[in-house]
Amino acid sequence: MIDDEQETMGLVKKMKDCLPIFVYPSKEFVSLLKKRNIKLKVDQLLEIIDTDYFGDEGGVVCSLKFPFATEEKFVVSLTHLRLVPNHPLATDIRKYQIRRIRNLAQQ
């Protein structure tokens, strides 16, 4: 088991109560988008407009709003996003990200 489902669902509920949440993309996400001809920088603010839990396989996922128009809708793992440091959930989200990445590495 990668995630504690009850704890993770609690985090998702807290996140939904705080929407929109402002985040920065990870380097990996920026690289993926670059391959699709979408230019984004790691210091560019994005908005989480919805969030859900896709079980152990997918983890916490976030629907994003970009600061520019895109033809596609993007849903990305919370582990590929960096929360603005002063957000009230910053500590909880970072704890989830670290634990999930560590647990995935042990699989």
# chains A, B, ... in the order shown; residues from 1 in each chain; ligands from 1
>>> select_by_dssp(residues="chain A", states="helix (DSSP H, G or I)", output="VMD selection string")
chain A and resid 5 to 18 27 to 35 55 to 58 78 to 80 90 to 105
>>> residues_around(residues="Val23 in chain A", least_positions_apart="2", cutoff="9 Å", atoms="only C-alpha atoms", output="ChimeraX atom specification")
/A:21,25,44-48,81-84
>>> residues_around(residues="range 61-76 of chain A", least_positions_apart="5", cutoff="12 Å", atoms="only C-alpha atoms", output="ChimeraX atom specification")
/A:8-9,11-12,15-16,19-26,28-30,32-33,36-41,43-56,81-82,97
>>> atom_distance(atom1="CA of Asp3 in chain A", atom2="CA of His87 in chain A")
22.6 Å
>>> atom_distance(atom1="CA of Val60 in chain A", atom2="CA of Lys35 in chain A")
23.9 Å
>>> atom_distance(atom1="CA of Ile98 in chain A", atom2="CA of Lys13 in chain A")
19.2 Å
>>> select_by_dssp(residues="range 42-106 of chain A", states="strand (DSSP E or B)", output="ChimeraX atom specification")
/A:46-53,60-65,74-77,81-83
>>> closest_residue(among="A:Lys95, A:Leu78, A:Ala90, A:Gly59", to="Met1 in chain A", atoms="only C-alpha atoms")
A:Gly59
>>> closest_residue(among="A:Gln106, A:Asp92, A:Pro85, A:Ile101", to="Glu7 in chain A", atoms="only C-alpha atoms")
A:Asp92
>>> residues_around(residues="Asn103 in chain A", least_positions_apart="4", cutoff="7 Å", atoms="only C-alpha atoms", output="list in words")
Ile2, Arg99 and Gln107 of chain A
>>> write_last_selection(atoms="C-alpha atoms", output="compact mmCIF listing (two decimals), in the first residue's frame")
# COMPACT_ATOMS: atom_id res chain seq x y z
CA ILE A 2 1.45 3.36 -1.08
CA ARG A 99 5.81 10.01 1.77
CA GLN A 107 7.87 -0.66 -4.60
